[in-house]
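> Sharing coords-v4.pdb (PDB, C-alpha atoms) below.
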ATOM      1  CA  MET F1179      16.076  -3.491  -3.676
ATOM      2  CA  TYR F1180      13.937  -4.774  -6.584
ATOM      3  CA  THR F1181      14.456  -8.399  -5.619
ATOM      4  CA  GLU F1182      13.605  -7.756  -1.977
ATOM      5  CA  ILE F1183      10.429  -5.864  -2.827
ATOM      6  CA  PHE F1184       9.237  -8.451  -5.359
ATOM      7  CA  ASN F1185       9.865 -11.103  -2.706
ATOM      8  CA  GLN F1186       7.690  -9.035  -0.407
ATOM      9  CA  PHE F1187       4.997  -8.852  -3.119
ATOM     10  CA  LYS F1188       5.155 -12.655  -3.283
ATOM     11  CA  LYS F1189       4.624 -12.861   0.471
ATOM     12  CA  GLN F1190       1.749 -10.367   0.321
ATOM     13  CA  LEU F1191       0.073 -12.359  -2.450
ATOM     14  CA  GLY F1192       0.372 -15.446  -0.258
ATOM     15  CA  GLN F1193      -1.426 -13.517   2.484
ATOM     16  CA  LEU F1194      -4.141 -12.432   0.017
ATOM     17  CA  ASP F1195      -4.625 -16.092  -0.904
ATOM     18  CA  LYS F1196      -5.186 -16.836   2.793
ATOM     19  CA  TRP F1197      -7.693 -13.982   3.254
ATOM     20  CA  LEU F1198      -9.740 -15.383   0.385
ATOM     21  CA  GLY F1199      -9.674 -18.774   2.091
ATOM     22  CA  THR F1200     -10.779 -17.190   5.370
ATOM     23  CA  ALA F1201     -13.618 -15.437   3.526
ATOM     24  CA  ALA F1202     -14.784 -18.768   2.092
ATOM     25  CA  GLU F1203     -14.769 -20.352   5.550
ATOM     26  CA  TYR F1204     -16.686 -17.412   6.980
ATOM     27  CA  ALA F1205     -19.340 -17.726   4.262
ATOM     28  CA  LYS F1206     -19.645 -21.436   4.987
ATOM     29  CA  SER F1207     -20.086 -20.766   8.717
ATOM     30  CA  LYS F1208     -22.861 -18.282   7.929
ATOM     31  CA  ASN F1209     -24.474 -20.416   5.203
ATOM     32  CA  PHE F1210     -24.093 -17.950   2.352
ATOM     33  CA  ASP F1211     -22.502 -18.341  -1.054
ATOM     34  CA  PRO F1212     -18.790 -17.455  -0.671
ATOM     35  CA  ASP F1213     -18.612 -16.186  -4.232
ATOM     36  CA  VAL F1214     -20.845 -13.262  -3.288
ATOM     37  CA  PHE F1215     -17.633 -11.766  -1.912
ATOM     38  CA  ALA F1216     -16.244 -11.477  -5.444
ATOM     39  CA  THR F1217     -19.006  -8.951  -6.257
ATOM     40  CA  LEU F1218     -18.766  -6.756  -3.134
ATOM     41  CA  ARG F1219     -17.436  -3.211  -3.219
ATOM     42  CA  LEU F1220     -17.063  -0.244  -0.853
ATOM     43  CA  ALA F1221     -18.744   2.310  -3.126
ATOM     44  CA  PRO F1222     -21.102   1.915  -6.094
ATOM     45  CA  ASP F1223     -18.558   3.471  -8.467
ATOM     46  CA  GLN F1224     -15.612   1.410  -7.200
ATOM     47  CA  PHE F1225     -14.402  -1.942  -8.528
ATOM     48  CA  PRO F1226     -15.615  -5.070  -6.699
ATOM     49  CA  LEU F1227     -13.332  -7.519  -4.923
ATOM     50  CA  ALA F1228     -12.703  -9.681  -8.006
ATOM     51  CA  ARG F1229     -11.382  -6.699  -9.978
ATOM     52  CA  GLN F1230      -9.290  -5.488  -7.036
ATOM     53  CA  VAL F1231      -7.577  -8.887  -6.912
ATOM     54  CA  GLN F1232      -7.109  -8.962 -10.679
ATOM     55  CA  ILE F1233      -5.526  -5.501 -10.713
ATOM     56  CA  ALA F1234      -3.245  -6.283  -7.755
ATOM     57  CA  CYS F1235      -2.077  -9.364  -9.688
ATOM     58  CA  ASP F1236      -1.713  -7.470 -12.957
ATOM     59  CA  THR F1237       0.271  -4.682 -11.332
ATOM     60  CA  VAL F1238       2.893  -7.201 -10.258
ATOM     61  CA  LYS F1239       2.804  -9.110 -13.551
ATOM     62  CA  LEU F1240       3.226  -5.973 -15.644
ATOM     63  CA  ALA F1241       5.935  -4.578 -13.374
ATOM     64  CA  VAL F1242       7.895  -7.818 -13.848
ATOM     65  CA  ALA F1243       7.466  -7.520 -17.610
ATOM     66  CA  TYR F1244       8.474  -3.840 -17.755
ATOM     67  CA  LEU F1245      11.429  -4.229 -15.408
ATOM     68  CA  THR F1246      12.870  -7.531 -16.682
ATOM     69  CA  GLY F1247      11.822  -7.563 -20.330
ATOM     70  CA  LYS F1248      10.185 -10.967 -19.929
ATOM     71  CA  PRO F1249       6.759 -11.137 -21.593
ATOM     72  CA  ALA F1250       3.676 -11.000 -19.348
ATOM     73  CA  PRO F1251       1.417 -14.048 -19.782
ATOM     74  CA  ALA F1252      -2.064 -12.984 -20.973
ATOM     75  CA  GLN F1253      -4.939 -13.672 -18.569
ATOM     76  CA  GLU F1254      -8.644 -13.324 -19.240
ATOM     77  CA  ASP F1255     -10.027 -11.550 -16.153
ATOM     78  CA  ASN F1256     -12.916 -14.011 -16.056
ATOM     79  CA  GLU F1257     -12.659 -15.067 -12.401
ATOM     80  CA  LYS F1258     -16.055 -15.228 -10.678
ATOM     81  CA  THR F1259     -15.331 -17.395  -7.625
ATOM     82  CA  LEU F1260     -12.981 -17.121  -4.665
ATOM     83  CA  ALA F1261     -11.278 -20.328  -5.791
ATOM     84  CA  GLU F1262     -10.654 -18.844  -9.238
ATOM     85  CA  LEU F1263      -9.271 -15.673  -7.660
ATOM     86  CA  GLN F1264      -6.975 -17.785  -5.499
ATOM     87  CA  ALA F1265      -5.727 -19.536  -8.648
ATOM     88  CA  ARG F1266      -5.045 -16.143 -10.242
ATOM     89  CA  VAL F1267      -3.048 -15.092  -7.189
ATOM     90  CA  GLN F1268      -1.120 -18.364  -7.255
ATOM     91  CA  SER F1269      -0.256 -17.840 -10.931
ATOM     92  CA  ILE F1270       1.549 -14.612  -9.997
ATOM     93  CA  ILE F1271       3.312 -16.240  -7.054
ATOM     94  CA  GLN F1272       4.603 -18.871  -9.499
ATOM     95  CA  LEU F1273       5.709 -16.170 -11.924
ATOM     96  CA  LEU F1274       7.694 -14.494  -9.133
ATOM     97  CA  GLN F1275       9.237 -17.801  -8.067
ATOM     98  CA  GLY F1276      10.734 -18.114 -11.550
ATOM     99  CA  LEU F1277      12.743 -14.887 -11.245
ATOM    100  CA  ASN F1278      16.294 -14.395 -10.061
ATOM    101  CA  PRO F1279      18.080 -11.211  -8.938
ATOM    102  CA  ARG F1280      19.988 -10.834 -12.222
ATOM    103  CA  ASP F1281      16.670 -10.374 -14.025
ATOM    104  CA  PHE F1282      16.466  -6.869 -12.506
ATOM    105  CA  ASP F1283      20.003  -5.793 -13.425
ATOM    106  CA  ASP F1284      18.905  -3.051 -15.816
ATOM    107  CA  ALA F1285      15.488  -2.414 -14.250
ATOM    108  CA  PRO F1286      16.136   1.206 -13.152
ATOM    109  CA  THR F1287      17.079   2.435 -16.632
ATOM    110  CA  ARG F1288      14.526   0.514 -18.682
ATOM    111  CA  VAL F1289      12.059   2.522 -20.764
ATOM    112  CA  VAL F1290       8.466   1.976 -19.664
ATOM    113  CA  SER F1291       5.655   3.170 -21.884
ATOM    114  CA  GLN F1292       2.100   2.343 -22.887
ATOM    115  CA  PRO F1293       0.268   3.092 -26.146
ATOM    116  CA  ARG F1294      -2.114   5.551 -24.422
ATOM    117  CA  TRP F1295       0.877   7.599 -23.189
ATOM    118  CA  LYS F1296       1.427   8.763 -26.822
ATOM    119  CA  GLY F1297       5.200   8.386 -26.760
ATOM    120  CA  GLU F1298       5.754   9.642 -23.232
ATOM    121  CA  TRP F1299       7.689   7.245 -21.028
ATOM    122  CA  MET F1300       8.962   6.608 -17.530
ATOM    123  CA  THR F1301      12.243   5.164 -16.324
ATOM    124  CA  GLY F1302      11.931   1.735 -14.757
ATOM    125  CA  ALA F1303      12.997   3.261 -11.432
ATOM    126  CA  ASP F1304      10.269   5.927 -11.518
ATOM    127  CA  TYR F1305       7.656   3.464 -12.754
ATOM    128  CA  PHE F1306       8.425   1.075  -9.934
ATOM    129  CA  VAL F1307       8.369   3.645  -7.124
ATOM    130  CA  GLU F1308       5.628   5.956  -8.433
ATOM    131  CA  HIS F1309       3.269   3.406  -9.964
ATOM    132  CA  ALA F1310       3.881  -0.302  -9.290
ATOM    133  CA  LEU F1311       4.507  -0.056  -5.544
ATOM    134  CA  PRO F1312       1.634   2.278  -4.576
ATOM    135  CA  ASN F1313      -0.763   0.668  -7.048
ATOM    136  CA  PHE F1314      -0.116  -2.884  -5.846
ATOM    137  CA  TYR F1315      -0.603  -1.942  -2.221
ATOM    138  CA  PHE F1316      -3.683   0.127  -3.056
ATOM    139  CA  HIS F1317      -5.536  -2.803  -4.592
ATOM    140  CA  LEU F1318      -4.238  -5.252  -1.993
ATOM    141  CA  ALA F1319      -5.409  -3.037   0.893
ATOM    142  CA  THR F1320      -8.711  -2.348  -0.860
ATOM    143  CA  ALA F1321      -9.321  -6.098  -1.236
ATOM    144  CA  TYR F1322      -8.537  -6.443   2.476
ATOM    145  CA  ALA F1323     -10.892  -3.542   3.309
ATOM    146  CA  ILE F1324     -13.768  -5.076   1.328
ATOM    147  CA  LEU F1325     -13.397  -8.380   3.193
ATOM    148  CA  ARG F1326     -12.960  -6.660   6.559
ATOM    149  CA  HIS F1327     -15.971  -4.407   5.995
ATOM    150  CA  ASN F1328     -18.061  -7.484   5.273
ATOM    151  CA  GLY F1329     -17.239  -9.387   8.427
ATOM    152  CA  VAL F1330     -14.256 -11.562   7.500
ATOM    153  CA  GLY F1331     -12.101 -12.114  10.580
ATOM    154  CA  ILE F1332      -8.720 -10.913   9.376
ATOM    155  CA  GLY F1333      -6.381  -8.453  11.096
ATOM    156  CA  LYS F1334      -3.149  -6.547  10.641
ATOM    157  CA  ARG F1335      -1.022  -9.654  11.222
ATOM    158  CA  ASP F1336      -2.810 -11.377   8.357
ATOM    159  CA  TYR F1337      -1.991  -8.369   6.226
ATOM    160  CA  LEU F1338       1.718  -8.124   7.045
ATOM    161  CA  GLY F1339       2.476 -11.832   7.356
ATOM    162  CA  GLN F1340       5.581 -13.196   9.044
ATOM    163  CA  GLN F1341       8.441 -10.736   9.490
ATOM    164  CA  THR F1342      12.151 -11.615   9.512
ATOM    165  CA  LYS F1343      13.059 -11.176  13.163
ATOM    166  CA  ARG F1344      16.604 -12.050  14.207
ATOM    167  CA  PRO F1345      17.209 -13.767  17.546
ATOM    168  CA  ALA F1346      18.275 -11.782  20.598
ATOM    169  CA  ALA F1347      21.980 -11.837  21.425
ATOM    170  CA  PRO F1348      22.690 -14.729  23.814
TER     171      PRO F1348
ATOM    172  CA  MET W1339      16.187   3.337  -3.316
ATOM    173  CA  TYR W1340      15.448   4.633   0.216
ATOM    174  CA  THR W1341      15.567   8.257  -0.883
ATOM    175  CA  GLU W1342      13.275   7.628  -3.849
ATOM    176  CA  ILE W1343      10.723   5.764  -1.750
ATOM    177  CA  PHE W1344      10.709   8.358   1.034
ATOM    178  CA  ASN W1345      10.217  11.021  -1.642
ATOM    179  CA  GLN W1346       7.246   8.980  -2.821
ATOM    180  CA  PHE W1347       5.914   8.801   0.757
ATOM    181  CA  LYS W1348       6.164  12.602   0.826
ATOM    182  CA  LYS W1349       4.128  12.819  -2.367
ATOM    183  CA  GLN W1350       1.549  10.349  -1.050
ATOM    184  CA  LEU W1351       1.186  12.352   2.178
ATOM    185  CA  GLY W1352       0.578  15.447   0.055
ATOM    186  CA  GLN W1353      -2.200  13.535  -1.707
ATOM    187  CA  LEU W1354      -3.664  12.467   1.670
ATOM    188  CA  ASP W1355      -3.699  16.133   2.708
ATOM    189  CA  LYS W1356      -5.733  16.883  -0.448
ATOM    190  CA  TRP W1357      -8.228  14.054   0.194
ATOM    191  CA  LEU W1358      -8.888  15.462   3.656
ATOM    192  CA  GLY W1359      -9.503  18.865   2.058
ATOM    193  CA  THR W1360     -11.877  17.298  -0.460
ATOM    194  CA  ALA W1361     -13.717  15.564   2.398
ATOM    195  CA  ALA W1362     -14.147  18.916   4.190
ATOM    196  CA  GLU W1363     -15.545  20.492   1.014
ATOM    197  CA  TYR W1364     -17.923  17.570   0.516
ATOM    198  CA  ALA W1365     -19.210  17.914   4.098
ATOM    199  CA  LYS W1366     -19.751  21.633   3.548
ATOM    200  CA  SER W1367     -21.689  20.970   0.328
ATOM    201  CA  LYS W1368     -23.930  18.511   2.207
ATOM    202  CA  ASN W1369     -24.232  20.650   5.345
ATOM    203  CA  PHE W1370     -22.750  18.179   7.790
ATOM    204  CA  ASP W1371     -19.871  18.538  10.256
ATOM    205  CA  PRO W1372     -16.668  17.620   8.364
ATOM    206  CA  ASP W1373     -15.037  16.343  11.529
ATOM    207  CA  VAL W1374     -17.491  13.438  11.602
ATOM    208  CA  PHE W1375     -15.140  11.918   9.017
ATOM    209  CA  ALA W1376     -12.411  11.596  11.646
ATOM    210  CA  THR W1377     -14.616   9.101  13.541
ATOM    211  CA  LEU W1378     -15.722   6.921  10.609
ATOM    212  CA  ARG W1379     -14.493   3.363  10.153
ATOM    213  CA  LEU W1380     -15.175   0.401   7.842
ATOM    214  CA  ALA W1381     -15.789  -2.152  10.606
ATOM    215  CA  PRO W1382     -16.700  -1.750  14.279
ATOM    216  CA  ASP W1383     -13.421  -3.327  15.385
ATOM    217  CA  GLN W1384     -11.251  -1.288  13.018
ATOM    218  CA  PHE W1385      -9.558   2.052  13.723
ATOM    219  CA  PRO W1386     -11.392   5.192  12.553
ATOM    220  CA  LEU W1387     -10.029   7.627   9.991
ATOM    221  CA  ALA W1388      -8.151   9.771  12.531
ATOM    222  CA  ARG W1389      -6.167   6.773  13.773
ATOM    223  CA  GLN W1390      -5.493   5.560  10.228
ATOM    224  CA  VAL W1391      -3.958   8.941   9.400
ATOM    225  CA  GLN W1392      -1.957   9.005  12.636
ATOM    226  CA  ILE W1393      -0.542   5.527  12.014
ATOM    227  CA  ALA W1394       0.317   6.299   8.385
ATOM    228  CA  CYS W1395       2.209   9.361   9.645
ATOM    229  CA  ASP W1396       3.885   7.472  12.476
ATOM    230  CA  THR W1397       4.978   4.666  10.187
ATOM    231  CA  VAL W1398       6.947   7.162   8.115
ATOM    232  CA  LYS W1399       8.251   9.072  11.146
ATOM    233  CA  LEU W1400       9.472   5.920  12.888
ATOM    234  CA  ALA W1401      10.983   4.501   9.709
ATOM    235  CA  VAL W1402      12.990   7.716   9.323
ATOM    236  CA  ALA W1403      14.162   7.416  12.932
ATOM    237  CA  TYR W1404      15.094   3.728  12.645
ATOM    238  CA  LEU W1405      16.821   4.107   9.281
ATOM    239  CA  THR W1406      18.682   7.380   9.830
ATOM    240  CA  GLY W1407      19.243   7.397  13.605
ATOM    241  CA  LYS W1408      17.629  10.844  13.918
ATOM    242  CA  PRO W1409      15.191  11.024  16.844
ATOM    243  CA  ALA W1410      11.463  10.927  16.058
ATOM    244  CA  PRO W1411       9.613  13.998  17.390
ATOM    245  CA  ALA W1412       6.925  12.955  19.914
ATOM    246  CA  GLN W1413       3.322  13.669  18.907
ATOM    247  CA  GLU W1414       0.219  13.353  21.064
ATOM    248  CA  ASP W1415      -2.338  11.600  18.827
ATOM    249  CA  ASN W1416      -4.962  14.084  19.944
ATOM    250  CA  GLU W1417      -6.247  15.149  16.495
ATOM    251  CA  LYS W1418     -10.045  15.338  16.332
ATOM    252  CA  THR W1419     -10.642  17.503  13.263
ATOM    253  CA  LEU W1420      -9.738  17.217   9.600
ATOM    254  CA  ALA W1421      -7.696  20.426   9.919
ATOM    255  CA  GLU W1422      -5.696  18.920  12.794
ATOM    256  CA  LEU W1423      -5.126  15.744  10.781
ATOM    257  CA  GLN W1424      -3.919  17.846   7.866
ATOM    258  CA  ALA W1425      -1.447  19.571  10.206
ATOM    259  CA  ARG W1426      -0.196  16.168  11.387
ATOM    260  CA  VAL W1427       0.340  15.103   7.770
ATOM    261  CA  GLN W1428       2.155  18.362   7.022
ATOM    262  CA  SER W1429       4.463  17.820  10.005
ATOM    263  CA  ILE W1430       5.675  14.584   8.429
ATOM    264  CA  ILE W1431       6.076  16.199   5.018
ATOM    265  CA  GLN W1432       8.304  18.805   6.691
ATOM    266  CA  LEU W1433      10.282  16.091   8.448
ATOM    267  CA  LEU W1434      10.909  14.400   5.091
ATOM    268  CA  GLN W1435      11.900  17.698   3.479
ATOM    269  CA  GLY W1436      14.713  17.985   6.014
ATOM    270  CA  LEU W1437      16.384  14.739   4.907
ATOM    271  CA  ASN W1438      19.137  14.223   2.379
ATOM    272  CA  PRO W1439      20.248  11.028   0.629
ATOM    273  CA  ARG W1440      23.351  10.629   2.817
ATOM    274  CA  ASP W1441      21.083  10.187   5.842
ATOM    275  CA  PHE W1442      20.228   6.700   4.547
ATOM    276  CA  ASP W1443      23.817   5.581   3.939
ATOM    277  CA  ASP W1444      23.791   2.838   6.565
ATOM    278  CA  ALA W1445      20.014   2.248   6.566
ATOM    279  CA  PRO W1446      20.122  -1.391   5.305
ATOM    280  CA  THR W1447      22.407  -2.631   8.084
ATOM    281  CA  ARG W1448      20.955  -0.687  11.002
ATOM    282  CA  VAL W1449      19.541  -2.668  13.920
ATOM    283  CA  VAL W1450      15.820  -2.089  14.412
ATOM    284  CA  SER W1451      14.168  -3.263  17.589
ATOM    285  CA  GLN W1452      11.355  -2.389  19.986
ATOM    286  CA  PRO W1453      11.009  -3.139  23.724
ATOM    287  CA  ARG W1454       8.133  -5.571  23.133
ATOM    288  CA  TRP W1455      10.331  -7.640  20.793
ATOM    289  CA  LYS W1456      12.321  -8.803  23.853
ATOM    290  CA  GLY W1457      15.720  -8.467  22.237
ATOM    291  CA  GLU W1458      14.749  -9.721  18.794
ATOM    292  CA  TRP W1459      15.619  -7.353  15.995
ATOM    293  CA  MET W1460      15.326  -6.721  12.266
ATOM    294  CA  THR W1461      17.848  -5.308   9.820
ATOM    295  CA  GLY W1462      16.948  -1.866   8.508
ATOM    296  CA  ALA W1463      16.522  -3.402   5.043
ATOM    297  CA  ASP W1464      14.056  -6.039   6.262
ATOM    298  CA  TYR W1465      12.193  -3.552   8.448
ATOM    299  CA  PHE W1466      11.760  -1.163   5.557
ATOM    300  CA  VAL W1467      10.532  -3.732   3.032
ATOM    301  CA  GLU W1468       8.551  -6.017   5.364
ATOM    302  CA  HIS W1469       7.055  -3.451   7.714
ATOM    303  CA  ALA W1470       7.379   0.253   6.854
ATOM    304  CA  LEU W1471       6.404   0.004   3.171
ATOM    305  CA  PRO W1472       3.366  -2.306   3.493
ATOM    306  CA  ASN W1473       2.207  -0.667   6.727
ATOM    307  CA  PHE W1474       2.333   2.881   5.360
ATOM    308  CA  TYR W1475       0.388   1.951   2.259
ATOM    309  CA  PHE W1476      -2.080  -0.092   4.302
ATOM    310  CA  HIS W1477      -3.111   2.849   6.463
ATOM    311  CA  LEU W1478      -2.988   5.284   3.550
ATOM    312  CA  ALA W1479      -5.264   3.083   1.418
ATOM    313  CA  THR W1480      -7.556   2.422   4.378
ATOM    314  CA  ALA W1481      -7.923   6.178   4.971
ATOM    315  CA  TYR W1482      -8.743   6.519   1.266
ATOM    316  CA  ALA W1483     -11.254   3.647   1.481
ATOM    317  CA  ILE W1484     -13.042   5.201   4.486
ATOM    318  CA  LEU W1485     -13.438   8.502   2.622
ATOM    319  CA  ARG W1486     -14.439   6.796  -0.622
ATOM    320  CA  HIS W1487     -16.976   4.569   1.132
ATOM    321  CA  ASN W1488     -18.563   7.652   2.652
ATOM    322  CA  GLY W1489     -19.091   9.563  -0.554
ATOM    323  CA  VAL W1490     -15.977  11.703  -0.949
ATOM    324  CA  GLY W1491     -15.288  12.227  -4.658
ATOM    325  CA  ILE W1492     -11.719  10.991  -4.944
ATOM    326  CA  GLY W1493     -10.335   8.514  -7.474
ATOM    327  CA  LYS W1494      -7.206   6.596  -8.394
ATOM    328  CA  ARG W1495      -5.494   9.682  -9.812
ATOM    329  CA  ASP W1496      -5.930  11.423  -6.473
ATOM    330  CA  TYR W1497      -4.315   8.404  -4.868
ATOM    331  CA  LEU W1498      -1.290   8.123  -7.159
ATOM    332  CA  GLY W1499      -0.685  11.817  -7.748
ATOM    333  CA  GLN W1500       1.444  13.163 -10.578
ATOM    334  CA  GLN W1501       3.858  10.665 -12.160
ATOM    335  CA  THR W1502       7.232  11.535 -13.697
ATOM    336  CA  LYS W1503       6.530  11.083 -17.402
ATOM    337  CA  ARG W1504       9.357  11.942 -19.809
ATOM    338  CA  PRO W1505       8.558  13.657 -23.111
ATOM    339  CA  ALA W1506       8.242  11.668 -26.320
ATOM    340  CA  ALA W1507      11.287  11.685 -28.593
ATOM    341  CA  PRO W1508      10.999  14.588 -31.066
TER     342      PRO W1508
END
I'd like the structure from this file rewritten - as structure tokens, please.


Amino acid sequence: MYTEIFNQFKKQLGQLDKWLGTAAEYAKSKNFDPDVFATLRLAPDQFPLARQVQIACDTVKLAVAYLTGKPAPAQEDNEKTLAELQARVQSIIQLLQGLNPRDFDDAPTRVVSQPRWKGEWMTGADYFVEHALPNFYFHLATAYAILRHNGVGIGKRDYLGQQTKRPAAP
Amino acid sequence: MYTEIFNQFKKQLGQLDKWLGTAAEYAKSKNFDPDVFATLRLAPDQFPLARQVQIACDTVKLAVAYLTGKPAPAQEDNEKTLAELQARVQSIIQLLQGLNPRDFDDAPTRVVSQPRWKGEWMTGADYFVEHALPNFYFHLATAYAILRHNGVGIGKRDYLGQQTKRPAAP
């Protein structure tokens, strides 16, 4: 199911790209600077939109690296505009487009660890289900919530995107 | 991976139960009615907390029904208090506790459809990845965002819950 879920992440990132575009149009229609959105947050001690987008992107990038063994390209977290955030999102979509199902062959049994874990580790399977999946959707939905709270006209369909419906039997 | 992800949903619902408890304690410490939280929302045309919790619960309940063939118990959506919402969450945790891995044996190839789809359908695999997973996390993270925006002291660790770390090699 790794391939299917990373394909879904790719679709969700495409939707995020669109929300950012809708936010820019909304700002234009109201004559305010669209890049103000990058600084907005839902609580004073919560990350602003820009960081939410960066972490959503990084969660996918790092999950790919941990689960496939391919190195994660370094990125500087210096995005300040909606256009720069859209480029960051597109960079992850491109990364995902370069994968094939065989890349995940030994994903479940890979050893995932980080220096601050002091030697402790997770299986790739546990890391994916307990960290990557909930963390990606957390930051994606938080980015959505920040835009929605601040007047951007997006709805559930913009969140989910197109679903694979099969035609009715003739 | 169905069993692992539904186990994760169970853990996430347990975390949601805790956030609602933390919200009640916060209200008590500030001398306001905790059940006000059930009515709060992030935008005037967005569902309030109670509905976010109900939909998160229903997404899991319906996914179980669609993917296992077991009937989904009807529920009335009449929760108005945090305690009632916690009971709703617990009902889904209990539902998940009654499942075993064999229940998902034919999940990927099951036919999922709804009357309003007019005969169109999705495979169980597509429904799970394209609808159930993103929709559950959407409403879970939105419930979290509503609480967080309104001062409840919860953070990312309360969202993710305990992760399965393995001990360092001796």

> Given a cut-off of 9 Å, which residues of chain W touch chain F, counting only C-alpha atoms, written out as a ChimeraX atom specification?

/W:1339,1342-1343,1346,1350,1379-1382,1384,1455-1461,1463-1465,1467-1469,1471-1473,1475-1480,1483-1484,1486-1489,1493-1494,1497-1507

> Export, as a compact mmCIF listing (two decimals), in the coordinates of the input, the selected residues with C-alpha atoms.


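The resulting out33.txt:
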# COMPACT_ATOMS: atom_id res chain seq x y z
CA MET W 1339 16.19 3.34 -3.32
CA GLU W 1342 13.28 7.63 -3.85
CA ILE W 1343 10.72 5.76 -1.75
CA GLN W 1346 7.25 8.98 -2.82
CA GLN W 1350 1.55 10.35 -1.05
CA ARG W 1379 -14.49 3.36 10.15
CA LEU W 1380 -15.18 0.40 7.84
CA ALA W 1381 -15.79 -2.15 10.61
CA PRO W 1382 -16.70 -1.75 14.28
CA GLN W 1384 -11.25 -1.29 13.02
CA TRP W 1455 10.33 -7.64 20.79
CA LYS W 1456 12.32 -8.80 23.85
CA GLY W 1457 15.72 -8.47 22.24
CA GLU W 1458 14.75 -9.72 18.79
CA TRP W 1459 15.62 -7.35 16.00
CA MET W 1460 15.33 -6.72 12.27
CA THR W 1461 17.85 -5.31 9.82
CA ALA W 1463 16.52 -3.40 5.04
CA ASP W 1464 14.06 -6.04 6.26
CA TYR W 1465 12.19 -3.55 8.45
CA VAL W 1467 10.53 -3.73 3.03
CA GLU W 1468 8.55 -6.02 5.36
CA HIS W 1469 7.06 -3.45 7.71
CA LEU W 1471 6.40 0.00 3.17
CA PRO W 1472 3.37 -2.31 3.49
CA ASN W 1473 2.21 -0.67 6.73
CA TYR W 1475 0.39 1.95 2.26
CA PHE W 1476 -2.08 -0.09 4.30
CA HIS W 1477 -3.11 2.85 6.46
CA LEU W 1478 -2.99 5.28 3.55
CA ALA W 1479 -5.26 3.08 1.42
CA THR W 1480 -7.56 2.42 4.38
CA ALA W 1483 -11.25 3.65 1.48
CA ILE W 1484 -13.04 5.20 4.49
CA ARG W 1486 -14.44 6.80 -0.62
CA HIS W 1487 -16.98 4.57 1.13
CA ASN W 1488 -18.56 7.65 2.65
CA GLY W 1489 -19.09 9.56 -0.55
CA GLY W 1493 -10.34 8.51 -7.47
CA LYS W 1494 -7.21 6.60 -8.39
CA TYR W 1497 -4.32 8.40 -4.87
CA LEU W 1498 -1.29 8.12 -7.16
CA GLY W 1499 -0.68 11.82 -7.75
CA GLN W 1500 1.44 13.16 -10.58
CA GLN W 1501 3.86 10.66 -12.16
CA THR W 1502 7.23 11.54 -13.70
CA LYS W 1503 6.53 11.08 -17.40
CA ARG W 1504 9.36 11.94 -19.81
CA PRO W 1505 8.56 13.66 -23.11
CA ALA W 1506 8.24 11.67 -26.32
CA ALA W 1507 11.29 11.68 -28.59

> Could you pull the residues within 9 Å of segment 1437-1443 of chain W, counting only C-alpha atoms, minus those fewer than 4 positions along the same chain, as a JSON list (two decimals) with C-alpha atoms, keeping the file's coordinate frame?


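This went into out_15.json:
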[["chain", "number", "residue", "atom", "x", "y", "z"],
["W", 1340, "TYR", "CA", 15.45, 4.63, 0.22],
["W", 1341, "THR", "CA", 15.57, 8.26, -0.88],
["W", 1342, "GLU", "CA", 13.28, 7.63, -3.85],
["W", 1402, "VAL", "CA", 12.99, 7.72, 9.32],
["W", 1405, "LEU", "CA", 16.82, 4.11, 9.28],
["W", 1406, "THR", "CA", 18.68, 7.38, 9.83],
["W", 1407, "GLY", "CA", 19.24, 7.40, 13.60],
["W", 1408, "LYS", "CA", 17.63, 10.84, 13.92],
["W", 1433, "LEU", "CA", 10.28, 16.09, 8.45]]

> Can you tell me, as a PyMOL selection string, what residues are no more than 10 Å from segment 1254-1271 of chain F when counting all atoms listed in the file, ignoring any on the same chain fewer than 5 positions away?

chain F and resi 1184-1185+1187-1199+1201-1202+1211-1217+1227-1229+1231-1236+1238-1239+1276

> Give me, please, the distance in Å between atom CA of Phe1385 of chain W and atom CA of Glu1203 of chain F, quoted to one decimal.

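Computing it gives 24.4 Å between the two atoms.
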
> What does the structure give for the distance between atom CA of Arg1288 of chain F and atom CA of Ala1401 of chain W, in Å to one decimal?

28.9 Å

> What does the structure give for the distance between atom CA of Gln1432 of chain W and atom CA of Ala1481 of chain W, in Å to one decimal?

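Interatomic distance here is 20.6 Å.
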
> From the coordinates supplied, segment 1312-1323 of chain F should be written with C-alpha atoms, as a PDB file, in the first residue's frame.


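Result saved to decode-v3.pdb:
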ATOM      1  CA  PRO F1312      -0.667  11.320  10.681  1.00  0.00           C
ATOM      2  CA  ASN F1313       2.012  14.013  10.573  1.00  0.00           C
ATOM      3  CA  PHE F1314       1.566  14.753   6.868  1.00  0.00           C
ATOM      4  CA  TYR F1315      -2.186  15.041   7.188  1.00  0.00           C
ATOM      5  CA  PHE F1316      -1.867  17.121  10.357  1.00  0.00           C
ATOM      6  CA  HIS F1317       0.175  19.831   8.665  1.00  0.00           C
ATOM      7  CA  LEU F1318      -1.843  19.633   5.452  1.00  0.00           C
ATOM      8  CA  ALA F1319      -5.145  20.063   7.327  1.00  0.00           C
ATOM      9  CA  THR F1320      -3.657  22.804   9.500  1.00  0.00           C
ATOM     10  CA  ALA F1321      -2.552  24.709   6.381  1.00  0.00           C
ATOM     11  CA  TYR F1322      -6.097  24.283   5.051  1.00  0.00           C
ATOM     12  CA  ALA F1323      -7.558  25.468   8.385  1.00  0.00           C
TER      13      ALA F1323
END
